[in-house]
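Dumped my_file.txt below, it's compact mmCIF, C-alpha atoms:
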```txt
# COMPACT_ATOMS: atom_id res chain seq x y z
CA MET A 366 -86.21 166.56 16.47
CA SER A 367 -88.93 166.86 13.79
CA LYS A 368 -88.54 170.66 13.70
CA LEU A 369 -84.78 170.31 13.34
CA LEU A 370 -85.16 167.85 10.44
CA ALA A 371 -87.75 170.07 8.76
CA LYS A 372 -85.32 172.95 8.96
CA ARG A 373 -82.55 170.82 7.47
CA LYS A 374 -84.84 169.69 4.67
CA ALA A 375 -85.66 173.24 3.63
CA LYS A 376 -83.70 174.31 0.57
CA ASP A 377 -81.05 176.97 1.08
CA ALA A 378 -81.24 179.12 -2.03
CA THR A 379 -79.12 181.89 -0.48
CA ALA A 380 -75.96 179.82 0.03
CA VAL A 381 -73.05 181.52 -1.70
CA ASP A 382 -69.81 180.15 -0.28
CA ARG A 383 -70.18 176.58 0.93
CA ARG A 384 -67.39 174.13 1.63
CA ILE A 385 -66.69 170.87 3.43
CA LEU A 386 -63.45 170.15 5.23
CA ILE A 387 -62.21 166.56 5.18
CA LEU A 388 -59.60 165.37 7.70
CA ASP A 389 -57.95 162.03 6.90
CA PRO A 390 -57.14 160.38 10.28
CA GLU A 391 -54.77 157.91 8.61
CA LYS A 392 -52.58 160.83 7.49
CA CYS A 393 -52.83 162.67 10.80
CA LYS A 394 -51.50 160.19 13.34
CA PRO A 395 -49.38 161.41 16.31
CA ASN A 396 -46.08 160.59 14.58
CA SER A 397 -47.00 162.41 11.35
CA ALA A 398 -45.94 165.83 10.08
CA ALA A 399 -49.60 166.79 9.73
CA TYR A 400 -50.27 166.08 13.41
CA ALA A 401 -47.25 168.16 14.51
CA PHE A 402 -48.28 170.99 12.18
CA LEU A 403 -51.85 171.16 13.44
CA LYS A 404 -50.81 170.76 17.08
CA GLN A 405 -48.60 173.86 16.95
CA TYR A 406 -51.53 175.95 15.72
CA ALA A 407 -54.17 174.51 18.08
CA GLY A 408 -55.86 177.40 19.90
CA LYS A 409 -53.52 180.00 18.35
CA CYS A 410 -56.44 182.14 17.23
CA GLY A 411 -58.01 182.12 20.67
CA LYS A 412 -60.90 179.97 19.46
CA THR A 413 -61.52 176.25 19.02
CA CYS A 414 -60.91 176.17 15.27
CA ILE A 415 -58.15 173.58 15.66
CA GLU A 416 -58.13 171.28 18.68
CA VAL A 417 -55.74 168.48 19.64
CA GLU A 418 -56.64 166.15 22.50
CA GLY A 419 -54.28 163.24 22.87
CA LYS A 420 -54.28 161.39 19.55
CA LEU A 421 -57.45 163.11 18.35
CA VAL A 422 -57.35 166.12 16.06
CA ARG A 423 -60.47 168.15 15.39
CA ILE A 424 -60.91 171.02 12.92
CA SER A 425 -64.10 173.05 13.05
CA GLU A 426 -65.82 173.60 9.72
CA ASP A 427 -66.65 177.13 10.87
CA LEU A 428 -62.99 177.95 11.37
CA CYS A 429 -61.68 181.50 11.09
CA ALA A 430 -59.86 182.82 8.02
CA ALA A 431 -56.42 182.44 9.61
CA CYS A 432 -57.00 178.81 10.58
CA LEU A 433 -58.52 178.09 7.18
CA THR A 434 -55.27 179.22 5.59
CA ARG A 435 -53.30 177.05 8.03
CA ALA A 436 -55.48 174.03 7.24
CA LYS A 437 -54.84 174.54 3.53
CA HIS A 438 -51.08 174.32 4.16
CA CYS A 439 -51.26 171.18 6.32
CA PRO A 440 -48.57 168.77 5.00
CA GLY A 441 -49.09 165.23 3.78
CA GLY A 442 -52.51 165.82 2.22
CA ALA A 443 -54.18 165.22 5.59
CA VAL A 444 -56.67 168.06 5.12
CA SER A 445 -58.83 168.57 2.04
CA ILE A 446 -61.09 171.58 1.60
CA VAL A 447 -63.74 170.95 -1.03
CA LYS A 448 -66.01 173.68 -2.31
CA LEU A 449 -69.61 172.61 -2.66
CA PRO A 450 -71.74 173.69 -5.62
CA THR A 451 -73.63 176.87 -4.79
CA ASN A 452 -76.86 175.23 -5.97
CA LEU A 453 -76.41 172.15 -3.76
CA SER A 454 -79.67 172.28 -1.82
CA THR A 455 -80.53 168.59 -1.73
CA ASP A 456 -81.03 166.95 1.65
CA VAL A 457 -78.23 165.40 3.67
CA THR A 458 -79.14 161.75 4.02
CA HIS A 459 -76.14 160.65 6.02
CA ARG A 460 -72.88 162.09 7.25
CA TYR A 461 -70.17 160.01 8.86
CA GLY A 462 -69.12 162.81 11.21
CA GLU A 463 -67.50 166.22 11.26
CA ASN A 464 -64.80 166.53 8.59
CA ALA A 465 -66.19 163.38 6.95
CA PHE A 466 -68.11 162.27 3.87
CA ALA A 467 -71.74 163.35 3.39
CA LEU A 468 -74.36 161.82 1.09
CA HIS A 469 -77.07 164.09 -0.29
CA GLY A 470 -80.25 162.35 -1.39
CA LEU A 471 -80.95 158.64 -1.59
CA PRO A 472 -81.98 156.26 -4.41
CA SER A 473 -85.65 155.29 -4.27
CA PRO A 474 -86.15 151.65 -5.30
CA ARG A 475 -89.58 150.44 -6.38
CA PRO A 476 -91.00 146.91 -6.23
CA GLY A 477 -90.98 144.94 -9.46
CA ALA A 478 -88.17 146.97 -11.00
CA VAL A 479 -84.37 147.12 -11.15
CA LEU A 480 -82.82 150.43 -10.09
CA GLY A 481 -79.27 151.10 -11.25
CA LEU A 482 -76.76 153.33 -9.45
CA LEU A 483 -74.16 154.91 -11.69
CA GLY A 484 -71.20 157.08 -10.74
CA THR A 485 -67.48 157.25 -10.07
CA ASN A 486 -65.73 155.81 -7.02
CA GLY A 487 -65.90 157.44 -3.60
CA ILE A 488 -69.16 159.37 -4.00
CA GLY A 489 -71.57 157.29 -1.96
CA LYS A 490 -72.86 154.35 -3.99
CA SER A 491 -71.84 151.80 -1.36
CA THR A 492 -73.10 154.10 1.40
CA ALA A 493 -76.50 154.15 -0.30
CA VAL A 494 -76.47 150.34 -0.46
CA HIS A 495 -75.64 150.11 3.27
CA ILE A 496 -78.53 152.44 4.10
CA LEU A 497 -81.02 150.56 1.92
CA SER A 498 -79.89 147.27 3.48
CA GLY A 499 -80.51 148.61 6.98
CA ARG A 500 -76.87 148.18 8.01
CA VAL A 501 -76.44 151.94 8.29
CA LYS A 502 -79.14 154.06 9.88
CA PRO A 503 -79.25 157.46 8.13
CA ASN A 504 -78.61 160.35 10.53
CA LEU A 505 -79.96 162.96 8.07
CA GLY A 506 -76.86 165.05 8.73
CA VAL A 507 -77.64 165.50 12.43
CA LEU A 508 -74.35 165.32 14.35
CA THR A 509 -74.81 167.58 17.36
CA ALA A 510 -78.16 166.36 18.68
CA ALA A 511 -79.35 162.82 19.36
CA PRO A 512 -79.56 160.85 16.10
CA PRO A 513 -83.04 160.70 14.56
CA ALA A 514 -85.23 157.74 15.40
CA TRP A 515 -86.69 155.58 12.64
CA ALA A 516 -90.03 157.33 13.16
CA ASP A 517 -88.35 160.65 12.37
CA ILE A 518 -86.62 159.19 9.32
CA ILE A 519 -89.88 157.77 7.95
CA GLN A 520 -91.60 161.09 8.57
CA TYR A 521 -88.74 162.87 6.79
CA TYR A 522 -89.38 160.83 3.64
CA ARG A 523 -93.15 161.17 3.84
CA GLY A 524 -94.81 161.13 0.43
CA SER A 525 -91.95 159.35 -1.33
CA ASP A 526 -91.22 155.73 -2.23
CA LEU A 527 -88.70 155.68 0.61
CA GLN A 528 -91.45 156.17 3.19
CA ASN A 529 -93.02 152.83 2.29
CA TYR A 530 -89.62 151.18 1.93
CA PHE A 531 -88.28 152.24 5.33
CA THR A 532 -91.61 151.49 7.00
CA ALA A 533 -91.52 147.91 5.71
CA LEU A 534 -87.82 147.62 6.61
CA CYS A 535 -88.44 148.76 10.21
CA GLU A 536 -91.37 146.39 10.58
CA ASP A 537 -89.20 143.46 9.45
CA ARG A 538 -91.41 142.90 6.42
CA LEU A 539 -88.45 143.05 4.05
CA ARG A 540 -85.73 140.43 3.92
CA VAL A 541 -82.59 141.97 2.41
CA VAL A 542 -79.66 140.17 0.78
CA VAL A 543 -76.49 141.97 -0.37
CA LYS A 544 -73.89 140.96 -2.92
CA PRO A 545 -70.97 143.12 -1.67
CA GLN A 546 -67.99 144.28 -3.63
CA LEU A 547 -65.66 141.38 -4.37
CA GLU A 548 -62.96 140.95 -1.74
CA PRO A 549 -60.52 138.10 -0.95
CA SER A 550 -62.20 137.67 2.43
CA LEU A 551 -65.28 136.26 0.69
CA ALA A 552 -63.47 133.08 -0.36
CA ARG A 553 -62.05 132.58 3.13
CA LYS A 554 -65.57 132.25 4.52
CA PHE A 555 -65.93 128.97 2.59
CA THR A 556 -62.54 127.39 3.29
CA GLY A 557 -62.43 123.71 2.36
CA ARG A 558 -65.89 123.72 0.75
CA THR A 559 -66.82 123.22 -2.88
CA VAL A 560 -68.85 125.54 -5.09
CA GLY A 561 -71.64 123.01 -5.58
CA ALA A 562 -72.01 122.27 -1.87
CA CYS A 563 -72.17 125.95 -0.93
CA LEU A 564 -74.73 126.81 -3.58
CA GLU A 565 -76.93 123.80 -2.87
CA GLU A 566 -76.89 124.69 0.82
CA SER A 567 -78.12 128.23 0.14
CA ASP A 568 -80.78 127.20 -2.40
CA GLU A 569 -84.08 128.46 -0.99
CA LEU A 570 -85.92 128.82 -4.29
CA GLY A 571 -85.15 125.49 -5.95
CA LYS A 572 -83.30 127.23 -8.80
CA CYS A 573 -79.71 126.28 -7.94
CA ARG A 574 -79.09 124.16 -11.05
CA GLU A 575 -80.70 126.74 -13.34
CA ILE A 576 -78.61 129.56 -11.85
CA MET A 577 -75.39 127.55 -12.07
CA GLU A 578 -76.00 126.81 -15.74
CA LEU A 579 -76.85 130.43 -16.53
CA LEU A 580 -73.72 131.71 -14.78
CA ASP A 581 -71.52 128.95 -16.22
CA LEU A 582 -70.60 127.47 -12.83
CA GLU A 583 -71.22 123.80 -13.62
CA ALA A 584 -67.61 123.37 -14.72
CA VAL A 585 -66.34 124.43 -11.28
CA ARG A 586 -69.00 122.66 -9.22
CA ASP A 587 -66.44 120.38 -7.51
CA ARG A 588 -63.75 123.03 -7.11
CA GLU A 589 -63.08 124.57 -3.69
CA VAL A 590 -64.23 128.18 -3.39
CA GLN A 591 -60.76 129.35 -2.37
CA ALA A 592 -59.36 128.03 -5.65
CA LEU A 593 -61.68 130.16 -7.81
CA SER A 594 -60.40 132.95 -10.04
CA GLY A 595 -61.71 136.50 -9.68
CA GLY A 596 -64.39 136.05 -12.34
CA GLU A 597 -65.47 132.67 -10.99
CA LEU A 598 -65.69 134.04 -7.46
CA GLN A 599 -67.81 136.94 -8.70
CA ARG A 600 -70.27 134.59 -10.41
CA PHE A 601 -70.34 132.41 -7.28
CA ALA A 602 -71.19 135.46 -5.15
CA ILE A 603 -74.00 136.44 -7.53
CA ALA A 604 -75.38 132.90 -7.48
CA ARG A 605 -75.35 132.81 -3.67
CA CYS A 606 -77.36 136.03 -3.63
CA LEU A 607 -79.86 134.80 -6.23
CA ASN A 608 -80.42 131.59 -4.25
CA VAL A 609 -81.93 133.47 -1.30
CA ALA A 610 -85.69 134.00 -1.04
CA ALA A 611 -85.42 137.70 -0.26
CA ASP A 612 -87.60 140.75 -0.84
CA VAL A 613 -84.69 143.13 -1.55
CA TYR A 614 -81.60 142.26 -3.61
CA LEU A 615 -78.65 144.69 -3.57
CA PHE A 616 -75.78 144.01 -5.99
CA ASP A 617 -72.60 146.07 -5.53
CA GLU A 618 -70.55 146.01 -8.75
CA PRO A 619 -71.59 142.54 -9.99
CA SER A 620 -69.80 142.76 -13.36
CA SER A 621 -66.25 143.39 -12.18
CA PHE A 622 -63.78 140.63 -13.23
CA LEU A 623 -66.30 139.31 -15.80
CA ASP A 624 -65.83 139.19 -19.56
CA VAL A 625 -68.50 140.44 -21.97
CA LYS A 626 -70.36 137.13 -22.27
CA GLN A 627 -70.35 136.63 -18.50
CA ARG A 628 -71.61 140.19 -17.92
CA VAL A 629 -74.56 139.56 -20.20
CA ALA A 630 -75.35 136.32 -18.35
CA ALA A 631 -75.09 138.05 -14.97
CA ALA A 632 -77.40 140.84 -16.14
CA GLN A 633 -79.89 138.24 -17.39
CA ALA A 634 -79.78 136.38 -14.07
CA ILE A 635 -80.35 139.56 -12.04
CA ARG A 636 -83.07 140.68 -14.40
CA SER A 637 -84.90 137.37 -13.84
CA LEU A 638 -85.73 138.47 -10.29
CA VAL A 639 -88.35 140.92 -11.56
CA ASP A 640 -89.31 139.33 -14.88
CA GLY A 641 -92.52 137.70 -13.72
CA VAL A 642 -93.58 136.64 -17.22
CA ASP A 643 -90.49 134.50 -17.73
CA ALA A 644 -90.75 133.05 -14.24
CA ALA A 645 -94.43 132.20 -14.76
CA ALA A 646 -93.66 130.50 -18.08
CA ARG A 647 -91.21 128.16 -16.32
CA ALA A 648 -93.66 127.30 -13.53
CA ASP A 649 -95.13 123.79 -13.48
CA SER A 650 -98.61 124.82 -12.30
CA VAL A 651 -101.05 127.72 -12.41
CA ARG A 652 -100.58 128.33 -8.72
CA ALA A 653 -96.80 128.40 -9.08
CA ALA A 654 -97.10 130.77 -12.03
CA ASP A 655 -99.28 133.16 -10.03
CA GLU A 656 -96.82 133.04 -7.13
CA ALA A 657 -93.93 133.75 -9.51
CA ARG A 658 -95.70 136.83 -10.87
CA ARG A 659 -96.60 138.04 -7.38
CA ARG A 660 -93.06 137.57 -6.12
CA ALA A 661 -91.50 139.33 -9.11
CA GLY A 662 -93.88 142.27 -8.72
CA ALA A 663 -92.98 142.70 -5.04
CA THR A 664 -89.19 142.35 -5.35
CA TYR A 665 -86.82 145.30 -5.04
CA VAL A 666 -83.54 145.12 -6.94
CA VAL A 667 -80.70 147.68 -6.84
CA VAL A 668 -77.53 147.31 -8.92
CA VAL A 669 -74.39 149.42 -8.49
CA GLU A 670 -72.40 149.47 -11.72
CA HIS A 671 -69.68 151.26 -13.70
CA ASP A 672 -70.43 149.49 -16.98
CA LEU A 673 -72.98 151.58 -18.88
CA THR A 674 -73.87 148.73 -21.21
CA VAL A 675 -74.63 146.31 -18.37
CA LEU A 676 -76.64 148.92 -16.50
CA ASP A 677 -78.63 149.81 -19.61
CA ASN A 678 -79.53 146.13 -20.12
CA VAL A 679 -80.41 145.28 -16.53
CA SER A 680 -82.08 148.45 -15.22
CA ASP A 681 -85.57 149.87 -15.55
CA ALA A 682 -84.37 153.19 -14.13
CA VAL A 683 -81.09 154.79 -13.08
CA CYS A 684 -79.97 157.19 -10.37
CA CYS A 685 -76.69 158.92 -11.13
CA LEU A 686 -74.30 160.07 -8.41
CA TYR A 687 -71.84 162.93 -8.67
CA GLY A 688 -69.73 164.95 -6.26
CA GLY A 689 -66.26 165.11 -4.74
CA PRO A 690 -64.71 161.68 -4.06
CA GLY A 691 -64.31 161.19 -0.32
CA ALA A 692 -66.02 164.51 0.41
CA TYR A 693 -69.63 164.46 -0.73
CA GLY A 694 -71.98 162.70 -3.10
CA VAL A 695 -75.29 163.76 -4.61
CA VAL A 696 -77.97 161.36 -5.86
CA THR A 697 -79.98 162.55 -8.85
CA LYS A 698 -83.62 161.79 -9.54
CA ARG A 699 -84.64 158.52 -11.19
CA GLN A 700 -84.66 158.39 -14.96
CA GLY A 701 -84.75 155.77 -17.69
CA GLY A 702 -81.72 153.51 -18.03
CA ALA A 703 -80.55 155.06 -21.30
CA GLY A 704 -81.10 158.55 -19.89
CA GLY A 705 -78.85 157.88 -16.92
CA GLY A 706 -76.03 156.72 -19.16
CA LYS A 707 -76.39 159.79 -21.36
CA GLN A 708 -76.25 162.03 -18.29
CA ILE A 709 -72.92 160.56 -17.17
CA LEU A 710 -71.46 160.74 -20.69
CA ALA A 711 -72.58 164.36 -21.05
CA GLY A 712 -71.20 165.26 -17.63
CA ASP A 713 -74.51 166.74 -16.53
CA ASN A 714 -75.09 167.03 -12.80
```
So, in terms of structure tokens, how does the structure I just supplied come out?
Amino acid sequence: MSKLLAKRKAKDATAVDRRILILDPEKCKPNSAAYAFLKQYAGKCGKTCIEVEGKLVRISEDLCAACLTRAKHCPGGAVSIVKLPTNLSTDVTHRYGENAFALHGLPSPRPGAVLGLLGTNGIGKSTAVHILSGRVKPNLGVLTAAPPAWADIIQYYRGSDLQNYFTALCEDRLRVVVKPQLEPSLARKFTGRTVGACLEESDELGKCREIMELLDLEAVRDREVQALSGGELQRFAIARCLNVAADVYLFDEPSSFLDVKQRVAAAQAIRSLVDGVDAAARADSVRAADEARRRAGATYVVVVEHDLTVLDNVSDAVCCLYGGPGAYGVVTKRQGGAGGGKQILAGDN
């Protein structure tokens, strides 16, 4: 396995014509025109370029020229063929399967700092969050052999910040909390319960009142969570996350549904997780101040955002993502917050 991963990690400077073929299963169901089209050409070339077994359709990415042309003409937009940049030599961190999305590279968070992720939709920001949270185990692009073990993954990232991060994650030395993208299902989890009761219940740091004031939630303290507006629910979700005594905080699009004033407040609240000086100043003893500084210096924070202004205010560094939505995403190297915003505005990859 280690030899296979080492080979995959090696840069391919000779690649000239590279592509990824994406098959949308929702558009290729048995009663669809796409399914009927592909079924009639299955095995026509004498090879296994296109295979149909029951409800399952498979298209090889090494298909012949004739089948490539057929795939291009598949009706209903079920098949997408995306050309990859010829200089794309970054590592495959995770691939969801053949004919599926692939993420190249991975953001490297550091303790005591906020790392921002900036990019358009569908290019792997949420995938990166799932990997950093431990919910998705990166397969490093290995689909044919047995998936890599955590020991292989840690070895793969040897010498980088991710080696220490994944080592601590595997040893259960990191407690991770995620503020996911806002969905209606979030409110349903707290049916019949008030904002104040939910936040007080999750308060592990003794900062519930302070967080509620900062995020302007005092006015809705007695309101049921299901009755909250989009912006109120977003601030509630952020507060729930900030209440947890975690080592890693992952915020997926925390400023959506918020106005300008609320976005500034949310950025300030998230920023407080690593601002040890401010936390120490609020402490009521020397011991508490020292603990606040220690905790801030050991905390990882990652923020996924579309708002350049928010990201510039909250982040110490930024990783930009680019690629083909739904096909592939590439994570760039860390750079200063302002630099990341300039890169997106300039369109540099």
### Message
Using all atoms listed in the file, can you tell me which of A:Arg558, A:Lys448, A:Arg460, A:Lys420 comes closest to Ile385 (chain A)?
### Response
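Looking only at the distances to Ile385 (chain A), the closest residue turns out to be A:Lys448.
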## Note on the structure
Of A:Glu597, A:His495, A:Gly481, A:Ala654, the one nearest to Thr674 (chain A) when counting all atoms listed in the file is A:Gly481
### Query
Pick from A:Leu539, A:Val695, A:Cys573, A:Val666: nearest to Ile488 (chain A), with all atoms listed in the file counted?
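Closest to Ile488 (chain A), using all atoms listed in the file: A:Val695.
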### Task
Write out as a VMD selection string which residues come within 10 Å of region 518-535 of chain A when counting all atoms listed in the file, dropping same-chain ones fewer than 3 positions away.
chain A and resid 367 370 to 371 374 458 471 to 476 496 to 499 502 to 505 512 to 515 538 to 541 613 665
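Among the candidate residues A:Val479, A:Ile415, A:Ala430, A:Leu388, the one lying nearest to Val444 (chain A) is A:Leu388, with distances computed using all atoms listed in the file.
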### Query
To one decimal place, how far is CA of Glu416 (chain A) from CA of Leu433 (chain A) in Å?
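Between CA of Glu416 (chain A) and CA of Leu433 (chain A) the gap works out to 13.4 Å.
Distances to Ala467 (chain A) were evaluated for A:Leu570, A:Asp581, A:Gly691, A:Leu564 using all atoms listed in the file, and the minimum falls at A:Gly691.
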### Query
Counting only C-alpha atoms, what is within 7 Å of Gln546 (chain A), bar same-chain residues fewer than 2 positions away, as a list in words?
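Residues near the query, excluding close chain neighbours: Lys544, Glu548, Asp617 and Glu618 of chain A.
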## Note on the structure
Between CA of Pro690 (chain A) and CA of Arg435 (chain A) lies a distance of 22.6 Å
### Atomic separation - CA of Val560 (chain A) relative to CA of Gln627 (chain A), Å
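Result for CA of Gln627 (chain A) versus CA of Val560 (chain A): 17.5 Å, one decimal.
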### Task
May I have the residues at most 12 Å from (-83.7, 133.5, -8.9) in the file's coordinates, counting only C-alpha atoms, as a PyMOL selection string?
chain A and resi 567-577+579-580+603-612+614+631+633-641+643-644+647+657+660-661+664+666
### Message
Need the shell around Glu418 (chain A): protein/DNA/RNA residues with any atom at most 12 Å away, counting all atoms listed in the file. Skip same-chain ones fewer than 2 positions apart. Format as a list in words?
### Response
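The residues that qualify are Pro395, Tyr400, Leu403, Lys404, Ala407, Gly408, Thr413, Ile415, Glu416, Lys420, Leu421, Val422, Arg423 and Ile424 of chain A.
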### Pick from A:Ala592, A:Asp681, A:Ala552, A:Gly694 nearest to Ala493 (chain A), counting all atoms listed in the file
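Ranked by minimum distance to Ala493 (chain A), first place goes to A:Gly694.
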### Task
Please return, as a ChimeraX atom specification, all polymer residues that have at least one atom within 9 Å of the point (-64.7, 161.9, -3.6); use only C-alpha atoms and the file's own coordinate frame.
/A:466,485-489,687-694
### Task
Write out as an NGL selection string which residues come within 10 Å of Pro549 (chain A) when counting only C-alpha atoms, dropping same-chain ones fewer than 5 positions away.
:A and (554 or 591 or 595 or 598)
Next, write the just-selected residues to a file, as a compact mmCIF listing (two decimals), keeping the file's coordinate frame, keeping C-alpha atoms as the atom set.
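Result written to part.txt:
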```txt
# COMPACT_ATOMS: atom_id res chain seq x y z
CA LYS A 554 -65.57 132.25 4.52
CA GLN A 591 -60.76 129.35 -2.37
CA GLY A 595 -61.71 136.50 -9.68
CA LEU A 598 -65.69 134.04 -7.46
```
